[in-house]
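Trainee: This is final.cif (mmCIF, C-alpha atoms).
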data_entry
loop_
_atom_site.label_atom_id
_atom_site.label_comp_id
_atom_site.auth_asym_id
_atom_site.auth_seq_id
_atom_site.Cartn_x
_atom_site.Cartn_y
_atom_site.Cartn_z
CA MET A 1 48.43 3.65 7.21
CA SER A 2 46.62 3.90 10.58
CA GLY A 3 46.64 5.91 13.75
CA PHE A 4 45.99 9.28 12.16
CA PRO A 5 46.05 12.29 14.49
CA ARG A 6 42.85 14.32 14.86
CA PRO A 7 43.25 17.77 13.30
CA ILE A 8 41.41 20.64 14.98
CA ILE A 9 39.58 22.87 12.52
CA VAL A 10 37.76 26.16 13.07
CA ILE A 11 34.61 26.14 10.92
CA SER A 12 31.78 28.54 10.15
CA LYS A 13 28.88 27.41 12.34
CA CYS A 14 26.31 27.65 9.54
CA LEU A 15 28.09 24.85 7.64
CA GLY A 16 26.16 21.95 9.09
CA PHE A 17 26.37 22.91 12.78
CA ALA A 18 23.56 25.39 13.44
CA ALA A 19 20.81 27.34 11.67
CA CYS A 20 22.53 30.67 12.28
CA ARG A 21 22.60 32.18 8.78
CA TYR A 22 21.07 35.64 8.40
CA ASP A 23 17.90 34.05 6.98
CA GLY A 24 17.67 31.50 9.80
CA GLU A 25 18.89 28.64 7.62
CA MET A 26 21.76 26.18 7.96
CA ILE A 27 23.94 25.47 4.90
CA PRO A 28 23.88 21.79 3.86
CA PHE A 29 27.46 20.53 4.05
CA PRO A 30 27.46 16.71 3.83
CA LEU A 31 31.25 16.45 4.01
CA VAL A 32 31.13 17.46 7.68
CA GLY A 33 29.37 14.20 8.48
CA SER A 34 32.30 12.20 7.08
CA MET A 35 34.92 14.48 8.57
CA ARG A 36 33.57 14.38 12.13
CA ALA A 37 34.86 10.82 12.55
CA TYR A 38 38.42 12.03 12.01
CA ILE A 39 38.50 15.77 12.73
CA ASP A 40 37.60 17.87 15.76
CA PHE A 41 35.72 21.06 14.95
CA ILE A 42 35.46 24.43 16.67
CA ASP A 43 32.37 26.09 15.19
CA VAL A 44 31.86 29.84 15.24
CA CYS A 45 29.47 32.40 13.76
CA PRO A 46 31.17 35.81 13.96
CA GLU A 47 27.91 37.62 13.19
CA CYS A 48 26.08 35.96 16.08
CA GLU A 49 29.08 36.53 18.33
CA ILE A 50 28.85 40.31 17.89
CA GLY A 51 25.22 40.27 18.98
CA LEU A 52 23.25 39.92 15.75
CA GLY A 53 20.20 37.70 16.08
CA VAL A 54 18.80 34.87 13.95
CA PRO A 55 17.20 35.68 11.60
CA ARG A 56 18.68 39.16 11.07
CA GLU A 57 18.91 41.91 8.53
CA PRO A 58 21.82 41.18 6.14
CA ILE A 59 25.14 42.97 6.54
CA SER A 60 27.32 44.22 3.69
CA ILE A 61 30.87 45.34 3.01
CA ILE A 62 30.85 49.01 2.04
CA LEU A 63 33.90 50.60 0.45
CA GLY A 64 34.03 54.34 1.14
CA ASP A 65 36.95 56.14 2.76
CA LYS A 66 37.71 52.72 4.26
CA LYS A 67 36.19 49.25 4.19
CA ARG A 68 33.28 49.06 6.60
CA LEU A 69 30.73 46.45 7.68
CA ILE A 70 27.22 47.91 7.57
CA GLN A 71 23.74 46.55 8.25
CA SER A 72 21.99 48.35 5.42
CA ALA A 73 18.42 48.17 6.75
CA THR A 74 19.35 49.82 10.05
CA GLY A 75 22.46 51.77 9.04
CA LEU A 76 24.30 50.12 11.93
CA ASP A 77 28.10 50.21 11.55
CA LEU A 78 29.49 46.90 12.84
CA THR A 79 33.08 47.39 11.71
CA ASP A 80 34.66 48.00 15.10
CA LYS A 81 32.65 45.23 16.78
CA MET A 82 33.63 42.64 14.17
CA GLU A 83 37.29 43.65 14.16
CA ALA A 84 37.42 43.55 17.98
CA PHE A 85 35.74 40.15 18.06
CA ALA A 86 38.11 38.72 15.43
CA ARG A 87 41.17 39.94 17.36
CA SER A 88 39.90 38.58 20.66
CA TYR A 89 38.64 35.25 19.30
CA LEU A 90 41.70 34.42 17.22
CA GLY A 91 44.05 35.59 19.95
CA ASN A 92 42.49 33.19 22.45
CA LEU A 93 42.53 30.09 20.25
CA ASP A 94 44.95 27.40 21.36
CA ASP A 95 45.97 24.38 19.27
CA PHE A 96 44.27 24.15 15.89
CA ASP A 97 45.29 23.30 12.34
CA GLY A 98 43.19 25.29 9.87
CA PHE A 99 39.87 26.87 8.87
CA ILE A 100 36.81 26.00 6.76
CA LEU A 101 34.82 29.19 6.20
CA LYS A 102 31.56 30.13 4.48
CA SER A 103 32.04 31.47 0.97
CA LYS A 104 30.63 34.85 -0.08
CA SER A 105 29.90 35.85 3.52
CA PRO A 106 30.69 39.47 4.49
CA SER A 107 32.28 38.04 7.64
CA CYS A 108 33.80 34.72 6.48
CA GLY A 109 34.23 34.88 2.69
CA ILE A 110 37.73 34.17 1.34
CA GLY A 111 38.10 36.37 -1.72
CA THR A 112 34.44 35.80 -2.65
CA SER A 113 32.56 38.51 -0.72
CA LYS A 114 30.69 41.32 -2.48
CA VAL A 115 31.76 44.93 -1.97
CA PHE A 116 29.27 47.76 -2.39
CA PRO A 117 30.05 51.43 -3.15
CA ASP A 118 27.58 52.76 -0.57
CA ASN A 119 24.81 51.76 1.77
CA GLY A 120 21.45 50.81 0.27
CA THR A 121 22.48 49.95 -3.31
CA ASP A 122 22.14 46.52 -4.91
CA GLU A 123 24.89 47.22 -7.45
CA TYR A 124 28.19 45.85 -6.13
CA LEU A 125 31.68 46.90 -7.22
CA HIS A 126 33.15 43.40 -7.26
CA GLN A 127 32.84 40.08 -5.44
CA ASN A 128 36.42 39.09 -4.66
CA GLU A 129 36.85 40.63 -1.23
CA ASN A 130 37.70 38.91 2.05
CA GLY A 131 35.07 39.03 4.78
CA PHE A 132 36.09 40.84 7.96
CA PHE A 133 36.66 37.70 10.04
CA ALA A 134 38.39 35.95 7.14
CA GLU A 135 40.65 38.98 6.68
CA ALA A 136 41.82 38.66 10.28
CA VAL A 137 42.35 34.90 9.86
CA LEU A 138 44.55 35.40 6.79
CA ARG A 139 46.47 38.19 8.51
CA ASP A 140 47.06 36.45 11.84
CA TYR A 141 47.59 32.90 10.52
CA PRO A 142 49.18 33.20 7.06
CA ASP A 143 50.79 29.75 7.35
CA LEU A 144 47.64 27.79 8.21
CA PRO A 145 45.34 26.24 5.58
CA VAL A 146 42.11 28.15 4.92
CA ILE A 147 39.40 26.91 2.55
CA ASP A 148 35.69 27.49 1.97
CA GLU A 149 32.85 25.01 1.43
CA LYS A 150 32.89 25.57 -2.34
CA GLN A 151 36.64 25.07 -2.77
CA ILE A 152 36.64 21.90 -0.68
CA GLY A 153 34.25 20.38 -3.22
CA ASN A 154 37.19 20.26 -5.67
CA SER A 155 38.97 16.93 -5.15
CA LEU A 156 42.48 18.34 -5.68
CA LEU A 157 41.96 21.37 -3.43
CA ARG A 158 40.43 19.08 -0.82
CA ASP A 159 43.37 16.71 -1.09
CA HIS A 160 45.84 19.55 -0.52
CA PHE A 161 43.84 20.91 2.42
CA LEU A 162 43.47 17.51 4.10
CA THR A 163 47.13 16.70 3.51
CA ARG A 164 48.15 19.93 5.19
CA ILE A 165 45.90 19.63 8.23
CA PHE A 166 46.76 15.99 8.95
CA THR A 167 50.47 16.58 8.39
CA MET A 168 50.41 19.62 10.68
CA ALA A 169 48.36 17.77 13.32
CA SER A 170 50.91 14.96 13.22
CA PHE A 171 53.71 17.46 13.76
CA ARG A 172 51.77 18.97 16.67
CA GLU A 173 51.66 15.50 18.24
CA THR A 174 55.34 14.94 17.51
CA SER A 175 56.43 18.28 18.95
CA SER A 176 54.65 17.57 22.24
CA SER A 177 57.45 15.15 23.09
CA THR A 178 60.27 17.56 22.09
CA LYS A 179 62.45 14.51 21.47
CA MET A 180 64.95 14.38 18.61
CA HIS A 181 64.16 10.78 17.74
CA SER A 182 60.47 11.73 17.36
CA LEU A 183 61.37 14.42 14.84
CA VAL A 184 63.65 12.02 12.95
CA GLU A 185 60.80 9.51 12.73
CA TYR A 186 58.36 12.22 11.60
CA HIS A 187 60.68 13.44 8.85
CA THR A 188 61.44 9.90 7.67
CA LYS A 189 57.80 8.88 7.19
CA ASN A 190 57.01 12.18 5.42
CA LYS A 191 60.06 12.20 3.16
CA LEU A 192 58.31 11.23 -0.07
CA LEU A 193 55.46 13.64 0.67
CA PHE A 194 57.90 16.50 1.12
CA MET A 195 59.77 15.45 -2.02
CA ALA A 196 56.48 15.71 -3.94
CA TYR A 197 56.11 19.30 -2.74
CA ASP A 198 59.67 20.65 -2.90
CA LYS A 199 62.82 18.51 -2.86
CA GLN A 200 65.13 21.42 -2.07
CA ILE A 201 63.17 22.44 1.02
CA MET A 202 62.94 18.77 1.99
CA ASN A 203 66.74 18.55 1.95
CA VAL A 204 67.05 21.65 4.14
CA MET A 205 64.54 20.12 6.55
CA GLY A 206 66.69 16.99 6.63
CA ASN A 207 69.73 19.08 7.52
CA ILE A 208 67.79 20.66 10.38
CA VAL A 209 66.86 17.21 11.67
CA ALA A 210 70.52 16.13 11.44
CA ASN A 211 71.31 19.08 13.76
CA LYS A 212 75.02 19.18 12.98
CA GLU A 213 75.22 22.53 14.79
CA ASP A 214 74.01 20.85 17.98
CA LEU A 215 71.25 23.42 18.50
CA PRO A 216 68.83 23.19 21.43
CA ILE A 217 65.92 20.88 20.62
CA GLU A 218 63.40 23.74 20.93
CA VAL A 219 65.29 25.70 18.25
CA VAL A 220 65.42 22.66 15.97
CA TYR A 221 61.66 22.18 16.22
CA GLU A 222 61.04 25.89 15.61
CA LYS A 223 63.22 25.93 12.49
CA TYR A 224 61.63 22.74 11.23
CA LEU A 225 58.09 24.04 11.73
CA SER A 226 58.88 27.18 9.75
CA LEU A 227 59.96 25.12 6.74
CA LEU A 228 57.09 22.65 7.20
CA SER A 229 54.61 25.50 6.88
CA GLN A 230 56.49 26.80 3.84
CA ILE A 231 56.72 23.50 1.99
CA LEU A 232 52.98 22.81 2.36
CA SER A 233 51.85 26.34 1.55
CA LYS A 234 51.10 25.61 -2.12
CA PRO A 235 49.72 22.51 -3.89
CA ALA A 236 52.37 20.10 -5.14
CA GLU A 237 53.34 20.67 -8.77
CA THR A 238 52.93 17.85 -11.27
CA GLY A 239 56.65 17.58 -12.04
CA ASN A 240 57.57 17.25 -8.37
CA VAL A 241 54.93 14.57 -7.82
CA VAL A 242 56.20 12.65 -10.84
CA ASN A 243 59.75 12.78 -9.46
CA ALA A 244 58.54 11.44 -6.11
CA LEU A 245 56.63 8.64 -7.83
CA MET A 246 59.64 7.70 -9.94
CA HIS A 247 61.78 7.63 -6.79
CA ALA A 248 59.25 5.34 -5.11
CA PHE A 249 59.02 3.14 -8.21
CA GLY A 250 62.71 2.37 -7.89
CA TYR A 251 62.05 0.42 -4.69
CA PHE A 252 60.35 -2.44 -6.56
CA SER A 253 60.91 -1.79 -10.28
CA ARG A 254 63.33 -4.73 -10.58
CA ASN A 255 60.71 -7.11 -9.25
CA ILE A 256 57.92 -6.45 -11.72
CA SER A 257 57.36 -7.54 -15.30
CA VAL A 258 57.79 -5.46 -18.43
CA ARG A 259 54.00 -5.38 -18.75
CA GLU A 260 53.61 -3.97 -15.23
CA LYS A 261 56.27 -1.36 -15.94
CA PHE A 262 54.29 -0.37 -19.01
CA ILE A 263 51.15 -0.07 -16.88
CA PHE A 264 52.99 2.20 -14.47
CA MET A 265 54.29 4.47 -17.25
CA LYS A 266 50.78 4.65 -18.71
CA LYS A 267 49.36 5.64 -15.31
CA LEU A 268 52.07 8.26 -14.98
CA GLN A 269 51.15 9.74 -18.35
CA GLU A 270 47.48 9.76 -17.35
CA TYR A 271 48.44 11.72 -14.25
CA ARG A 272 50.35 14.28 -16.32
CA GLU A 273 47.20 14.78 -18.40
CA ASP A 274 44.73 14.66 -15.52
CA ASN A 275 45.99 15.37 -12.00
CA SER A 276 42.91 13.80 -10.41
CA SER A 277 44.15 10.34 -11.47
CA VAL A 278 46.82 10.60 -8.75
CA PHE A 279 44.43 8.94 -6.29
CA GLU A 280 44.26 5.73 -8.34
CA LEU A 281 48.01 5.90 -8.94
CA LYS A 282 48.68 6.01 -5.20
CA LYS A 283 46.38 3.02 -4.66
CA TRP A 284 48.41 1.11 -7.24
CA PHE A 285 51.62 1.96 -5.39
CA ILE A 286 50.19 0.77 -2.08
CA SER A 287 49.15 -2.54 -3.64
CA LYS A 288 52.65 -3.06 -5.06
CA ALA A 289 54.35 -2.07 -1.81
CA GLU A 290 52.20 -4.62 0.00
CA GLU A 291 52.88 -7.28 -2.65
CA PHE A 292 56.65 -6.87 -2.30
CA ASN A 293 56.67 -6.08 1.44
CA THR A 294 58.35 -2.75 0.82
CA ASP A 295 58.18 -1.44 4.36
CA TYR A 296 59.72 1.93 3.55
CA LEU A 297 56.97 2.74 1.06
CA LEU A 298 54.22 1.41 3.32
CA MET A 299 55.25 3.83 6.05
CA GLN A 300 55.27 6.86 3.73
CA THR A 301 52.45 9.33 4.34
CA PHE A 302 52.69 10.40 0.69
CA PHE A 303 50.47 7.50 -0.36
CA SER A 304 47.93 7.98 2.41
CA PRO A 305 48.34 11.36 4.13
CA TYR A 306 44.85 11.23 5.65
CA PRO A 307 42.07 8.61 6.15
CA GLN A 308 40.96 7.03 2.89
CA GLU A 309 37.34 7.75 3.75
CA LEU A 310 38.15 11.40 3.08
CA SER A 311 39.99 10.70 -0.16
CA GLY A 312 39.74 12.63 -3.41
CA SER A 313 37.20 10.16 -4.76
CA LEU A 314 34.66 11.18 -2.08
CA GLN A 315 31.55 12.53 -3.69
CA ILE A 316 30.19 15.88 -2.49
CA VAL A 317 26.42 16.05 -2.97
#
Could I get this structure in the form of structure tokens?
Mentor:
Amino acid sequence: MSGFPRPIIVISKCLGFAACRYDGEMIPFPLVGSMRAYIDFIDVCPECEIGLGVPREPISIILGDKKRLIQSATGLDLTDKMEAFARSYLGNLDDFDGFILKSKSPSCGIGTSKVFPDNGTDEYLHQNENGFFAEAVLRDYPDLPVIDEKQIGNSLLRDHFLTRIFTMASFRETSSSTKMHSLVEYHTKNKLLFMAYDKQIMNVMGNIVANKEDLPIEVVYEKYLSLLSQILSKPAETGNVVNALMHAFGYFSRNISVREKFIFMKKLQEYREDNSSVFELKKWFISKAEEFNTDYLLMQTFFSPYPQELSGSLQIV
């Protein structure tokens, strides 16, 4: 696989871009260095954007009559400023494919931010709240992938996130032509990938591409995008991935020895027991597709949905 599109990702600025954290520090995020070769980033610090300096007194989420964003040391209520900034910033974004946000932040945390009962106390109620900016992201863009720097350290969560952003970026490129043959080609090369996520939705997407109702091309693309967002919204389940792998295996199963078939079944069982082994299993499939010149499998994004340099085996240190 080559010629990957460049996804556009909005990222918290403190994650390897600038020393803009409340304490004047930058968060080490080595993965950004690898990702920059393949992904375009739009970095933002919501707290700096609403006028807070660096360093600054920390801000906290306070839950009283309503959720508010307070700078405890000064008593400054930043709720309206942050909400206005989030609306304006997100409303003015153009093409982009997802978000990487700072965990635990009162502005950017995704279900990891602390909530306090009142101003000035160190005892928090819980730490599974969305930050104010993250809340707006999830509300305004429910179909786009959102992950934090802790979650992306998990190889399977990272794989799902990268698969989504590269698949969506590829669709963005495809839709720029608004040609039916481009959509047919896109669906064809992603067919196994979609089968691994949800075969039923994949079939509906195929019917949309067939366009038996002779709908306007813009309507076809709109309907297809809606289902594309839906099918990629959750990680692929083990059973669906196994079905896709078995389907792919049929393309060269008659050409391999009994021993090699046994090796495949063993690898499949290993995957059922440990999902992270899927990366090695896909490499095995690519080697067999190359050995038997199975062009259909070699074109399938399922085996390489994003650059290998960003694969699940990448170490986060």
Trainee: Using all atoms listed in the file for the distances, tell me which of A:Glu222, A:Asp148, A:Glu83, A:Asp65 is nearest to Pro117 in chain A.
Mentor: A:Asp65
Trainee: Go ahead and compute the interatomic distance for CA of Met35 in chain A and CA of Asp159 in chain A, in Å to one decimal.
Mentor: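 A separation of 13.0 Å between them.
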Trainee: Please build the interface table for range 38-151 of chain A against range 25-33 of chain A with a cut-off of 12 Å, listing for each qualifying residue the nearest atom pair and the distance in Å to one decimal; count all atoms listed in the file, order rows by chain and increasing number, and write it as CSV.
Mentor:
residue,atom,partner,partner_atom,distance
A:Tyr38,CA,A:Gly33,CA,10.0
A:Ile39,CA,A:Val32,CA,9.1
A:Asp40,CA,A:Val32,CA,10.4
A:Phe41,CA,A:Val32,CA,9.3
A:Asp43,CA,A:Val32,CA,11.5
A:Cys45,CA,A:Met26,CA,11.5
A:Val54,CA,A:Glu25,CA,8.9
A:Pro55,CA,A:Glu25,CA,8.3
A:Arg56,CA,A:Glu25,CA,11.1
A:Ile100,CA,A:Val32,CA,10.3
A:Leu101,CA,A:Phe29,CA,11.6
A:Lys102,CA,A:Ile27,CA,8.9
A:Ser103,CA,A:Ile27,CA,10.8
A:Asp148,CA,A:Phe29,CA,11.0
A:Glu149,CA,A:Phe29,CA,7.5
A:Lys150,CA,A:Phe29,CA,9.8
Trainee: Please report the interatomic distance between CA of Val115 in chain A and CA of Tyr89 in chain A in Å with one decimal.
Mentor: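 Atom-to-atom, CA of Val115 in chain A to CA of Tyr89 in chain A, that is 24.4 Å.
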Trainee: Evaluate the PyMOL selection byres ((chain A and resi 311) around 12) here and jot the selected residues down as a PDB file with C-alpha atoms, keeping the file's coordinate frame.
Mentor:
ATOM      1  CA  LEU A  31      31.250  16.450   4.010  1.00  0.00           C
ATOM      2  CA  SER A  34      32.300  12.200   7.080  1.00  0.00           C
ATOM      3  CA  MET A  35      34.920  14.480   8.570  1.00  0.00           C
ATOM      4  CA  ILE A 152      36.640  21.900  -0.680  1.00  0.00           C
ATOM      5  CA  GLY A 153      34.250  20.380  -3.220  1.00  0.00           C
ATOM      6  CA  ASN A 154      37.190  20.260  -5.670  1.00  0.00           C
ATOM      7  CA  SER A 155      38.970  16.930  -5.150  1.00  0.00           C
ATOM      8  CA  LEU A 156      42.480  18.340  -5.680  1.00  0.00           C
ATOM      9  CA  LEU A 157      41.960  21.370  -3.430  1.00  0.00           C
ATOM     10  CA  ARG A 158      40.430  19.080  -0.820  1.00  0.00           C
ATOM     11  CA  ASP A 159      43.370  16.710  -1.090  1.00  0.00           C
ATOM     12  CA  HIS A 160      45.840  19.550  -0.520  1.00  0.00           C
ATOM     13  CA  PHE A 161      43.840  20.910   2.420  1.00  0.00           C
ATOM     14  CA  LEU A 162      43.470  17.510   4.100  1.00  0.00           C
ATOM     15  CA  THR A 163      47.130  16.700   3.510  1.00  0.00           C
ATOM     16  CA  SER A 276      42.910  13.800 -10.410  1.00  0.00           C
ATOM     17  CA  VAL A 278      46.820  10.600  -8.750  1.00  0.00           C
ATOM     18  CA  PHE A 279      44.430   8.940  -6.290  1.00  0.00           C
ATOM     19  CA  GLU A 280      44.260   5.730  -8.340  1.00  0.00           C
ATOM     20  CA  LYS A 282      48.680   6.010  -5.200  1.00  0.00           C
ATOM     21  CA  LYS A 283      46.380   3.020  -4.660  1.00  0.00           C
ATOM     22  CA  PHE A 303      50.470   7.500  -0.360  1.00  0.00           C
ATOM     23  CA  SER A 304      47.930   7.980   2.410  1.00  0.00           C
ATOM     24  CA  PRO A 305      48.340  11.360   4.130  1.00  0.00           C
ATOM     25  CA  TYR A 306      44.850  11.230   5.650  1.00  0.00           C
ATOM     26  CA  PRO A 307      42.070   8.610   6.150  1.00  0.00           C
ATOM     27  CA  GLN A 308      40.960   7.030   2.890  1.00  0.00           C
ATOM     28  CA  GLU A 309      37.340   7.750   3.750  1.00  0.00           C
ATOM     29  CA  LEU A 310      38.150  11.400   3.080  1.00  0.00           C
ATOM     30  CA  GLY A 312      39.740  12.630  -3.410  1.00  0.00           C
ATOM     31  CA  SER A 313      37.200  10.160  -4.760  1.00  0.00           C
ATOM     32  CA  LEU A 314      34.660  11.180  -2.080  1.00  0.00           C
ATOM     33  CA  GLN A 315      31.550  12.530  -3.690  1.00  0.00           C
ATOM     34  CA  ILE A 316      30.190  15.880  -2.490  1.00  0.00           C
TER      35      ILE A 316
END
Trainee: Just want the 10 Å neighbourhood of Phe171 in chain A, counted on only C-alpha atoms, with same-chain residues fewer than 6 positions away dropped. Output as a count of residues only.
Mentor: 10
Trainee: Return the single residue from A:Leu193, A:Leu227, A:Ala289, A:Leu69 that is closest to Ala244 in chain A, with distances computed using all atoms listed in the file.
Mentor: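 Comparing A:Leu193, A:Leu227, A:Ala289, A:Leu69 against Ala244 in chain A, the winner is A:Leu193.
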Trainee: Kindly resolve the PyMOL selection byres ((chain A and resi 297) around 9) on the present coordinates and return the residues as a ChimeraX atom specification.
Mentor: /A:189,192,248,251,285-286,289-290,293-296,298-303
Trainee: Let me know the residues the PyMOL selection byres ((chain A and resi 124-138) around 10) catches in the file above, as an NGL selection string.
Mentor: :A and (45-47 or 60-63 or 67-69 or 79 or 82-87 or 89-90 or 98-99 or 101-118 or 121-123 or 139-146)
Trainee: Using all atoms listed in the file, which of the listed residues (A:Leu76, A:Ile9, A:Lys212, A:Pro58) sits closest to Leu93 in chain A?
Mentor: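 Checking each of A:Leu76, A:Ile9, A:Lys212, A:Pro58 against Leu93 in chain A, counting all atoms listed in the file, the winner is A:Ile9.
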